[in-house]
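Colleague: Got model03.tsv for you, TSV, C-alpha atoms:
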chain	number	residue	atom	x	y	z
A	1	MET	CA	0.00	0.00	0.00
A	2	ALA	CA	2.95	2.19	0.45
A	3	LYS	CA	2.84	4.07	-2.77
A	4	ARG	CA	6.10	5.86	-2.77
A	5	SER	CA	6.28	8.80	-5.10
A	6	ALA	CA	9.42	8.93	-7.17
A	7	PRO	CA	11.83	11.49	-5.84
A	8	GLU	CA	11.97	14.60	-7.93
A	9	VAL	CA	15.12	15.01	-9.94
A	10	ASN	CA	16.88	18.17	-9.07
A	11	ALA	CA	17.01	20.24	-12.21
A	12	GLY	CA	18.94	23.06	-10.69
A	13	SER	CA	22.14	22.22	-12.53
A	14	MET	CA	20.44	22.06	-15.88
A	15	ALA	CA	21.09	25.75	-16.45
A	16	ASP	CA	24.77	25.24	-15.73
A	17	ILE	CA	25.07	22.42	-18.19
A	18	ALA	CA	23.23	24.37	-20.83
A	19	PHE	CA	25.44	27.39	-20.22
A	20	LEU	CA	28.52	25.27	-20.64
A	21	LEU	CA	27.31	23.99	-24.00
A	22	LEU	CA	26.23	27.46	-25.01
A	23	ILE	CA	29.65	28.89	-24.30
A	24	PHE	CA	31.29	26.07	-26.22
A	25	PHE	CA	29.22	26.79	-29.31
A	26	LEU	CA	29.67	30.53	-28.93
A	27	VAL	CA	33.42	30.11	-29.01
A	28	THR	CA	33.54	27.67	-31.92
A	29	THR	CA	31.06	29.55	-34.07
A	30	THR	CA	32.23	31.29	-37.19
A	31	ILE	CA	29.20	32.51	-39.00
A	32	GLU	CA	30.29	31.92	-42.56
A	33	THR	CA	30.17	34.88	-44.84
A	34	ASP	CA	31.67	33.46	-47.95
A	35	SER	CA	31.21	35.66	-50.93
A	36	GLY	CA	33.32	36.74	-53.80
A	37	LEU	CA	33.65	37.40	-57.49
A	38	ASN	CA	32.34	34.59	-59.64
A	39	ARG	CA	34.25	33.94	-62.81
A	40	LYS	CA	34.28	31.34	-65.52
A	41	LEU	CA	37.51	29.99	-66.96
A	42	PRO	CA	37.77	29.31	-70.67
A	43	PRO	CA	37.77	25.62	-71.58
A	44	MET	CA	41.09	24.00	-72.34
A	45	GLU	CA	40.64	22.86	-75.93
A	46	ASP	CA	42.01	25.36	-78.37
A	47	GLN	CA	39.59	26.78	-80.80
A	48	VAL	CA	40.30	25.67	-84.33
A	49	ASP	CA	39.92	29.08	-85.87
A	50	PRO	CA	39.64	31.89	-83.41
A	51	PRO	CA	36.99	34.39	-84.38
A	52	ILE	CA	38.34	37.57	-85.87
A	53	ILE	CA	37.84	40.44	-83.51
A	54	ARG	CA	38.46	43.95	-84.59
A	55	GLN	CA	40.98	45.77	-82.52
A	56	LYS	CA	38.58	48.56	-81.69
A	57	ASN	CA	36.25	46.08	-80.00
A	58	ILE	CA	38.90	45.02	-77.53
A	59	PHE	CA	39.55	46.97	-74.38
A	60	THR	CA	42.90	45.92	-73.05
A	61	VAL	CA	43.68	46.22	-69.39
A	62	LEU	CA	47.14	45.22	-68.31
A	63	VAL	CA	48.37	45.09	-64.76
A	64	SER	CA	52.13	45.25	-64.81
A	65	LYS	CA	54.49	43.55	-62.42
A	66	ASN	CA	54.80	46.78	-60.46
A	67	ASP	CA	51.02	46.83	-60.04
A	68	GLN	CA	50.66	49.69	-62.50
A	69	LEU	CA	47.59	49.81	-64.65
A	70	LEU	CA	47.77	50.16	-68.41
A	71	VAL	CA	44.44	50.77	-70.08
A	72	GLU	CA	44.56	50.69	-73.87
A	73	GLU	CA	48.34	51.05	-73.63
A	74	GLU	CA	48.15	54.17	-71.52
A	75	LEU	CA	48.97	54.50	-67.90
A	76	ALA	CA	45.78	54.97	-65.91
A	77	ASP	CA	44.64	55.24	-62.36
A	78	ILE	CA	42.41	52.53	-60.97
A	79	LYS	CA	39.90	55.14	-59.85
A	80	ASP	CA	39.20	55.99	-63.50
A	81	LEU	CA	38.97	52.38	-64.64
A	82	ARG	CA	35.25	51.99	-64.05
A	83	ALA	CA	34.40	55.13	-66.01
A	84	LEU	CA	36.72	54.14	-68.86
A	85	ALA	CA	35.19	50.67	-69.07
A	86	VAL	CA	31.66	52.06	-69.03
A	87	GLU	CA	32.56	54.50	-71.77
A	88	PHE	CA	34.00	51.70	-73.89
A	89	LEU	CA	31.13	49.26	-73.37
A	90	ASP	CA	28.43	51.84	-73.85
A	91	ASN	CA	29.96	53.44	-76.91
A	92	GLY	CA	27.75	51.82	-79.53
A	93	GLY	CA	29.63	53.14	-82.55
A	94	GLY	CA	28.27	50.52	-84.92
A	95	VAL	CA	25.95	51.22	-87.84
A	96	GLY	CA	23.36	49.09	-89.62
A	97	ASP	CA	23.29	45.58	-88.21
A	98	GLU	CA	25.70	46.44	-85.47
A	99	ALA	CA	23.89	49.52	-84.25
A	100	CYS	CA	23.05	49.71	-80.59
A	101	ASP	CA	19.80	51.53	-79.95
A	102	TYR	CA	20.00	51.60	-76.16
A	103	CYS	CA	23.58	52.77	-75.79
A	104	GLN	CA	24.10	56.24	-74.42
A	105	GLY	CA	27.78	56.57	-75.24
A	106	LYS	CA	29.58	58.90	-77.59
A	107	ARG	CA	29.23	56.65	-80.66
A	108	ASP	CA	32.90	57.10	-81.33
A	109	GLU	CA	34.08	55.48	-84.54
A	110	SER	CA	37.29	54.24	-82.99
A	111	SER	CA	35.71	52.55	-79.97
A	112	SER	CA	33.43	49.52	-79.64
A	113	ASP	CA	30.59	48.85	-82.09
A	114	ASN	CA	28.15	47.19	-79.78
A	115	PRO	CA	28.15	45.94	-76.18
A	116	ASP	CA	27.60	42.49	-77.61
A	117	LYS	CA	30.89	42.72	-79.51
A	118	ALA	CA	32.88	44.56	-76.89
A	119	ILE	CA	35.43	42.45	-75.13
A	120	ILE	CA	37.49	43.39	-72.14
A	121	SER	CA	40.82	41.66	-72.10
A	122	LEU	CA	42.54	41.52	-68.76
A	123	LYS	CA	46.20	40.64	-68.65
A	124	SER	CA	48.36	40.28	-65.63
A	125	ASP	CA	51.99	39.58	-65.00
A	126	ARG	CA	53.26	36.73	-62.83
A	127	GLU	CA	54.58	39.32	-60.41
A	128	THR	CA	51.31	41.24	-60.14
A	129	SER	CA	49.93	41.13	-56.66
A	130	TYR	CA	46.61	39.42	-56.13
A	131	LYS	CA	44.94	42.26	-54.27
A	132	VAL	CA	45.46	44.70	-57.12
A	133	TYR	CA	44.22	42.11	-59.59
A	134	ILE	CA	41.06	41.66	-57.49
A	135	ALA	CA	40.60	45.43	-57.32
A	136	VAL	CA	40.77	45.60	-61.12
A	137	GLN	CA	38.36	42.68	-61.53
A	138	ASN	CA	36.03	44.37	-59.08
A	139	GLU	CA	36.02	47.61	-61.03
A	140	LEU	CA	35.37	45.83	-64.33
A	141	VAL	CA	32.45	43.91	-62.86
A	142	ALA	CA	31.24	47.19	-61.40
A	143	ALA	CA	31.24	48.73	-64.87
A	144	TYR	CA	29.04	45.93	-66.20
A	145	ASN	CA	26.77	46.19	-63.19
A	146	GLU	CA	26.44	49.93	-63.59
A	147	LEU	CA	25.22	49.56	-67.17
A	148	ARG	CA	22.96	46.64	-66.33
A	149	ASN	CA	21.46	48.58	-63.44
A	150	ARG	CA	20.71	51.47	-65.74
A	151	GLU	CA	18.99	49.33	-68.35
A	152	PHE	CA	17.13	47.25	-65.79
A	153	SER	CA	15.71	50.35	-64.12
A	154	ARG	CA	14.77	51.82	-67.48
A	155	LEU	CA	12.96	48.68	-68.64
A	156	ASN	CA	11.27	47.96	-65.31
A	157	PRO	CA	10.64	51.37	-63.80
A	158	ASN	CA	7.89	50.24	-61.46
A	159	LEU	CA	9.75	47.32	-59.93
A	160	GLY	CA	11.74	49.48	-57.53
A	161	LEU	CA	14.80	47.26	-57.90
A	162	ASN	CA	18.00	47.61	-59.80
A	163	TYR	CA	19.75	44.77	-61.57
A	164	VAL	CA	22.03	43.79	-58.70
A	165	GLU	CA	19.18	43.76	-56.21
A	166	ALA	CA	16.98	41.81	-58.59
A	167	GLN	CA	19.72	39.24	-59.15
A	168	LYS	CA	20.17	38.92	-55.41
A	169	LYS	CA	16.46	38.42	-54.97
A	170	TYR	CA	16.48	35.81	-57.69
A	171	ASP	CA	19.30	33.91	-55.98
A	172	ASP	CA	17.69	34.11	-52.58
A	173	PRO	CA	16.17	30.72	-51.73
A	174	ARG	CA	13.36	32.44	-49.84
A	175	THR	CA	12.01	34.04	-53.01
A	176	SER	CA	8.94	32.19	-54.18
A	177	GLU	CA	8.88	30.23	-57.41
A	178	ASP	CA	6.38	32.64	-58.99
A	179	ASP	CA	8.51	35.69	-58.28
A	180	ARG	CA	11.51	33.94	-59.67
A	181	GLU	CA	9.68	33.01	-62.85
A	182	GLU	CA	8.73	36.63	-63.23
A	183	LEU	CA	12.23	37.98	-62.66
A	184	LYS	CA	14.11	35.58	-64.89
A	185	PRO	CA	13.14	36.96	-68.31
A	186	LYS	CA	13.74	40.50	-67.12
A	187	LEU	CA	17.21	39.63	-65.91
A	188	ASP	CA	18.01	37.70	-69.06
A	189	VAL	CA	17.08	40.62	-71.28
A	190	VAL	CA	19.51	42.89	-69.48
A	191	LYS	CA	22.21	40.23	-69.44
A	192	LYS	CA	21.84	39.93	-73.18
A	193	MET	CA	22.09	43.67	-73.66
A	194	TYR	CA	25.38	43.86	-71.79
A	195	PRO	CA	26.93	40.38	-71.83
A	196	GLN	CA	29.93	40.01	-69.60
A	197	LYS	CA	32.76	39.33	-72.01
A	198	LEU	CA	35.80	39.45	-69.88
A	199	SER	CA	38.71	37.46	-71.14
A	200	GLU	CA	41.61	36.67	-68.90
A	201	ALA	CA	44.67	36.14	-70.95
A	202	GLU	CA	47.66	34.12	-69.93
A	203	SER	CA	50.47	35.87	-68.21
A	204	SER	CA	52.47	38.32	-70.25
A	205	SER	CA	55.85	37.00	-69.19
A	206	LYS	CA	56.48	33.36	-68.59
A	207	SER	CA	59.12	32.92	-65.98
A	208	SER	CA	59.49	30.14	-63.54
B	1	MET	CA	-11.64	35.32	11.33
B	2	SER	CA	-9.80	37.75	9.29
B	3	LYS	CA	-9.52	35.88	6.09
B	4	PHE	CA	-8.05	38.77	4.23
B	5	LYS	CA	-5.21	39.42	6.52
B	6	LYS	CA	-2.55	41.51	5.04
B	7	LYS	CA	0.57	39.59	4.33
B	8	LYS	CA	3.26	40.28	6.75
B	9	GLY	CA	6.30	42.26	5.88
B	10	GLY	CA	7.41	43.86	2.66
B	11	GLU	CA	9.79	41.04	1.63
B	12	LEU	CA	10.05	40.61	-2.08
B	13	PRO	CA	9.41	37.11	-3.31
B	14	ALA	CA	12.42	35.51	-4.94
B	15	ILE	CA	12.38	35.75	-8.73
B	16	SER	CA	11.73	32.38	-10.22
B	17	THR	CA	14.64	31.13	-12.26
B	18	ALA	CA	12.76	28.11	-13.48
B	19	SER	CA	12.62	29.46	-17.02
B	20	LEU	CA	16.32	30.21	-17.18
B	21	PRO	CA	17.25	26.79	-18.58
B	22	ASP	CA	14.63	27.26	-21.27
B	23	ILE	CA	16.09	30.57	-22.33
B	24	VAL	CA	19.62	29.22	-22.33
B	25	PHE	CA	18.53	26.18	-24.32
B	26	MET	CA	16.92	28.43	-26.85
B	27	LEU	CA	20.18	30.33	-27.31
B	28	LEU	CA	22.06	27.07	-27.38
B	29	PHE	CA	19.95	25.71	-30.18
B	30	PHE	CA	20.38	28.90	-32.14
B	31	PHE	CA	24.15	28.66	-31.98
B	32	MET	CA	24.14	24.95	-32.68
B	33	VAL	CA	22.20	25.57	-35.86
B	34	ALA	CA	24.18	28.63	-36.92
B	35	THR	CA	27.57	27.08	-36.24
B	36	VAL	CA	29.84	26.01	-39.02
B	37	MET	CA	32.84	24.20	-37.71
B	38	ARG	CA	36.10	25.14	-39.35
B	39	ASP	CA	36.84	22.06	-41.33
B	40	SER	CA	40.47	22.64	-42.04
B	41	THR	CA	43.10	24.33	-39.99
B	42	LEU	CA	44.87	26.99	-41.92
B	43	LEU	CA	48.59	26.60	-42.34
B	44	ILE	CA	48.87	29.84	-44.24
B	45	VAL	CA	48.21	33.50	-43.77
B	46	ASN	CA	44.81	34.12	-45.25
B	47	LYS	CA	43.89	37.77	-45.34
B	48	LEU	CA	41.45	38.02	-48.19
B	49	PRO	CA	41.37	41.06	-50.48
B	50	ALA	CA	38.37	43.37	-50.44
B	51	ALA	CA	35.76	43.78	-53.16
B	52	ASP	CA	32.24	45.13	-53.27
B	53	GLN	CA	30.71	43.75	-56.48
B	54	ILE	CA	30.35	40.34	-54.96
B	55	GLU	CA	27.92	37.50	-55.13
B	56	LYS	CA	27.16	34.98	-52.45
B	57	LEU	CA	28.82	31.65	-52.74
B	58	ASP	CA	26.77	28.57	-53.48
B	59	LYS	CA	25.73	26.13	-50.79
B	60	LYS	CA	28.58	24.59	-48.90
B	61	ASP	CA	28.29	21.13	-50.36
B	62	ARG	CA	28.79	22.52	-53.85
B	63	VAL	CA	32.05	24.25	-53.16
B	64	MET	CA	35.63	23.05	-53.18
B	65	TYR	CA	38.14	25.19	-51.39
B	66	ILE	CA	41.69	25.91	-52.43
B	67	TYR	CA	43.76	28.03	-50.10
B	68	ALA	CA	46.96	29.81	-50.99
B	69	GLY	CA	49.30	32.21	-49.32
B	70	LYS	CA	52.48	32.46	-47.35
B	71	PRO	CA	52.93	29.88	-44.59
B	72	SER	CA	51.90	31.35	-41.27
B	73	SER	CA	54.58	32.37	-38.81
B	74	ARG	CA	54.58	29.01	-37.03
B	75	TYR	CA	55.55	27.18	-40.20
B	76	VAL	CA	57.99	29.64	-41.68
B	77	ASP	CA	60.96	27.74	-40.26
B	78	LYS	CA	59.84	24.54	-41.83
B	79	TYR	CA	58.41	25.63	-45.16
B	80	GLY	CA	59.96	29.01	-45.88
B	81	SER	CA	58.06	32.13	-46.72
B	82	THR	CA	57.19	31.74	-50.38
B	83	ALA	CA	53.48	31.47	-51.12
B	84	ARG	CA	52.13	27.93	-51.24
B	85	ILE	CA	48.91	26.10	-51.90
B	86	GLN	CA	46.98	24.37	-49.15
B	87	LEU	CA	44.56	21.58	-49.95
B	88	ASN	CA	42.57	20.18	-47.07
B	89	ASP	CA	45.00	20.06	-44.19
B	90	LYS	CA	48.36	20.02	-45.89
B	91	PHE	CA	50.56	21.91	-48.25
B	92	ALA	CA	50.51	20.87	-51.86
B	93	THR	CA	52.22	21.65	-55.10
B	94	VAL	CA	50.54	22.99	-58.20
B	95	SER	CA	50.53	19.58	-59.85
B	96	GLU	CA	48.42	18.11	-57.04
B	97	VAL	CA	45.55	20.51	-57.64
B	98	GLY	CA	44.12	18.49	-60.51
B	99	ALA	CA	44.04	15.24	-58.54
B	100	PHE	CA	42.50	17.04	-55.58
B	101	ILE	CA	39.69	18.44	-57.71
B	102	LEU	CA	38.97	15.04	-59.24
B	103	ALA	CA	38.90	13.40	-55.81
B	104	GLU	CA	36.63	16.09	-54.40
B	105	ARG	CA	34.33	15.81	-57.37
B	106	ALA	CA	34.08	12.06	-57.01
B	107	SER	CA	33.14	12.41	-53.36
B	108	LYS	CA	30.13	14.60	-54.12
B	109	ARG	CA	26.69	13.39	-55.04
B	110	GLN	CA	26.10	12.62	-58.68
B	111	GLU	CA	23.66	15.44	-59.32
B	112	LEU	CA	26.02	18.01	-57.84
B	113	GLN	CA	29.06	17.01	-59.83
B	114	ASN	CA	28.31	19.39	-62.68
B	115	VAL	CA	27.52	22.43	-60.59
B	116	LEU	CA	30.58	22.52	-58.40
B	117	THR	CA	32.38	25.79	-57.83
B	118	THR	CA	36.01	26.13	-56.85
B	119	ALA	CA	36.53	28.83	-54.28
B	120	LEU	CA	39.98	30.35	-54.32
B	121	LYS	CA	40.79	31.69	-50.90
B	122	VAL	CA	44.01	33.43	-51.63
B	123	ASP	CA	45.91	35.80	-49.42
B	124	SER	CA	46.04	39.34	-50.75
B	125	GLU	CA	49.85	39.44	-50.73
B	126	THR	CA	50.20	36.54	-53.15
B	127	LYS	CA	51.64	37.00	-56.62
B	128	MET	CA	49.47	36.28	-59.64
B	129	GLY	CA	51.91	33.68	-60.97
B	130	LEU	CA	50.72	31.10	-58.47
B	131	ILE	CA	47.08	31.86	-59.20
B	132	GLN	CA	47.65	31.58	-62.92
B	133	ASP	CA	49.21	28.18	-62.34
B	134	ILE	CA	46.21	27.08	-60.28
B	135	LYS	CA	43.81	28.34	-62.91
B	136	GLN	CA	45.69	26.46	-65.58
B	137	GLU	CA	45.41	23.25	-63.54
B	138	LEU	CA	41.70	23.85	-63.02
B	139	ARG	CA	41.20	24.25	-66.74
B	140	LYS	CA	42.92	20.93	-67.35
B	141	VAL	CA	40.35	19.12	-65.22
B	142	SER	CA	37.61	21.41	-66.56
B	143	ALA	CA	36.63	22.84	-63.21
B	144	LEU	CA	35.71	26.10	-64.86
B	145	LYS	CA	33.45	27.74	-62.34
B	146	ILE	CA	35.62	29.62	-59.93
B	147	ASN	CA	35.06	32.17	-57.24
B	148	TYR	CA	37.68	34.55	-55.93
B	149	THR	CA	36.59	34.67	-52.33
B	150	THR	CA	36.87	38.15	-50.93
B	151	ARG	CA	35.96	40.16	-47.95
B	152	VAL	CA	33.28	42.84	-48.22
B	153	GLY	CA	34.87	46.25	-48.54
B	154	ASP	CA	35.88	49.00	-50.87
B	155	TYR	CA	38.49	48.14	-53.50
B	156	THR	CA	40.69	51.03	-52.42
B	157	GLN	CA	41.63	49.01	-49.35
B	158	ASN	CA	43.65	46.82	-51.67
B	159	ILE	CA	45.87	49.62	-52.83
B	160	ASN	CA	48.36	51.04	-50.46
Can I see the file as structure tokens?
Modeller:
Amino acid sequence: MAKRSAPEVNAGSMADIAFLLLIFFLVTTTIETDSGLNRKLPPMEDQVDPPIIRQKNIFTVLVSKNDQLLVEEELADIKDLRALAVEFLDNGGGVGDEACDYCQGKRDESSSDNPDKAIISLKSDRETSYKVYIAVQNELVAAYNELRNREFSRLNPNLGLNYVEAQKKYDDPRTSEDDREELKPKLDVVKKMYPQKLSEAESSSKSS
Amino acid sequence: MSKFKKKKGGELPAISTASLPDIVFMLLFFFMVATVMRDSTLLIVNKLPAADQIEKLDKKDRVMYIYAGKPSSRYVDKYGSTARIQLNDKFATVSEVGAFILAERASKRQELQNVLTTALKVDSETKMGLIQDIKQELRKVSALKINYTTRVGDYTQNIN
């Protein structure tokens, strides 16, 4: 008849144990913030006949071994690189088939015909330092983004987003499937208007 | 008879701490979920360059990491101070990059094998020669999607 009630477990130390674990995880945590510049390398196989590209459609950027910047064979400051790249890409000097009806550049004969044809060629030396190279890459991507932002806002004035924000929204896994479907064609149109043609050439001096 | 006798004294009742474990557990679970354990110890100095036109990296299981930079001060005696590549937990030469990529690729799930990105975590003081060599190796095994991992910041921080 002696119904003995089970003794209550003392839960007083539970907080201590939980604190211990908490502190362990606090210390080991590194909230990952991995982000960077995405690039695509050219495939290895050599093209049988490389397409002929007119010199005026190539924008050469060379970073020398002393980390100096040569844009179209002239010494330039990295602060001006973005503006120079935008000017080149947005030139739209072509006529007839190659005309560019959305470009707002100077339509200079001696610069690029069409953003679709315009190629930025980035060369670096083996002695170039990585941080300067990244700064240059960053500015070139910024030039493309600037133009894409402009066209995206012009084509979708009531969306309240620019290209970069729209792309971010598209990549965000929380965005619903419907929104994504809606954004994709808009993004693709702008990407087609200003395709990122950034070629990274091999090093200028081979030394081992 | 006085049923509604005033309680004696102005002593404050002790605050109940019974919910403290619950609160701590809540925090604990948050950190457990948010935690990413460092999966390889760095043998090199790894101060990433800054950039601001960046995109987020893909999910973690779709990324292969290649580190490069000068050996950190502990290892300078042993390995010297020229920039080196680190794969997983050890130093490697340029020629090992290809094999590493193939092995990593084989260890991933089938449907992910075509969407893998190679993240280059390279110290900002490294020379481009090493990176060009790595890129050449990556092209050989056709791992063409790369990401120069950077810190968030203005590009002018890269120029002294």
Colleague: Pull out every residue of chain A that has at least one atom within 8 Å of chain B, counting all atoms listed in the file, and report them as a VMD selection string.
Modeller: chain A and resid 14 to 15 18 to 19 21 to 22 25 to 26 28 to 32 34 to 44 124 to 135 138 to 139 141 to 142 168 202 to 203
Colleague: Taking all atoms of range 143-149 of chain B that appear in the file, build a box with edges along x, y and z, extend it by 3 Å on every side, and state its centre and edge lengths in Å to one decimal, as lines of an AutoDock Vina configuration file.
Modeller:
center_x = 35.6
center_y = 28.8
center_z = -58.6
size_x = 10.2
size_y = 17.8
size_z = 18.5
Colleague: Figure out the distance between CA of Leu43 in chain B and CA of Tyr75 in chain B, please, to one decimal in Å.
Modeller: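 CA of Leu43 in chain B lies 7.3 Å from CA of Tyr75 in chain B.
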Colleague: Could you name the residues that touch Arg105 in chain B at 12 Å or less, counting all atoms listed in the file, but leaving out those on the same chain fewer than 2 positions away, as a VMD selection string?
Modeller: chain B and resid 61 to 65 98 to 103 107 to 118 141 to 143
Colleague: Write the residues of the preceding selection, restricted to C-alpha atoms, as a tab-separated table (two decimals), in the frame of the given file.
Modeller:
chain	number	residue	atom	x	y	z
B	61	ASP	CA	28.29	21.13	-50.36
B	62	ARG	CA	28.79	22.52	-53.85
B	63	VAL	CA	32.05	24.25	-53.16
B	64	MET	CA	35.63	23.05	-53.18
B	65	TYR	CA	38.14	25.19	-51.39
B	98	GLY	CA	44.12	18.49	-60.51
B	99	ALA	CA	44.04	15.24	-58.54
B	100	PHE	CA	42.50	17.04	-55.58
B	101	ILE	CA	39.69	18.44	-57.71
B	102	LEU	CA	38.97	15.04	-59.24
B	103	ALA	CA	38.90	13.40	-55.81
B	107	SER	CA	33.14	12.41	-53.36
B	108	LYS	CA	30.13	14.60	-54.12
B	109	ARG	CA	26.69	13.39	-55.04
B	110	GLN	CA	26.10	12.62	-58.68
B	111	GLU	CA	23.66	15.44	-59.32
B	112	LEU	CA	26.02	18.01	-57.84
B	113	GLN	CA	29.06	17.01	-59.83
B	114	ASN	CA	28.31	19.39	-62.68
B	115	VAL	CA	27.52	22.43	-60.59
B	116	LEU	CA	30.58	22.52	-58.40
B	117	THR	CA	32.38	25.79	-57.83
B	118	THR	CA	36.01	26.13	-56.85
B	141	VAL	CA	40.35	19.12	-65.22
B	142	SER	CA	37.61	21.41	-66.56
B	143	ALA	CA	36.63	22.84	-63.21
Colleague: Tell me, in Å to one decimal, how far CA of Leu155 in chain A is from CA of Leu187 in chain A.
Modeller: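 Those two atoms sit 10.4 Å apart.
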Colleague: Work out how far CA of Glu146 in chain A is from CA of Pro195 in chain A, in Å to one decimal.
Modeller: 12.6 Å
Colleague: For each of A:Asp97, A:Asp90, A:Asp16, A:Glu181, take the minimum atom-to-atom distance to Pro115 in chain A, counting all atoms listed in the file, then give the residue where this is smallest.
Modeller: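 The answer is A:Asp90, which sits nearest to Pro115 in chain A.
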Colleague: Quick one: residues within 12 Å of Cys100 in chain A, all atoms listed in the file counted, chain neighbours fewer than 2 positions away excluded, as a PyMOL selection string?
Modeller: chain A and resi 89-98+102-107+112-118+193-194
Colleague: Counting all atoms listed in the file, which of A:Asp67, A:Asp172, A:Tyr163, A:Ser111 gets nearest to Leu147 in chain A?
Modeller: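 Using all atoms listed in the file, Leu147 in chain A sits closest to A:Tyr163.
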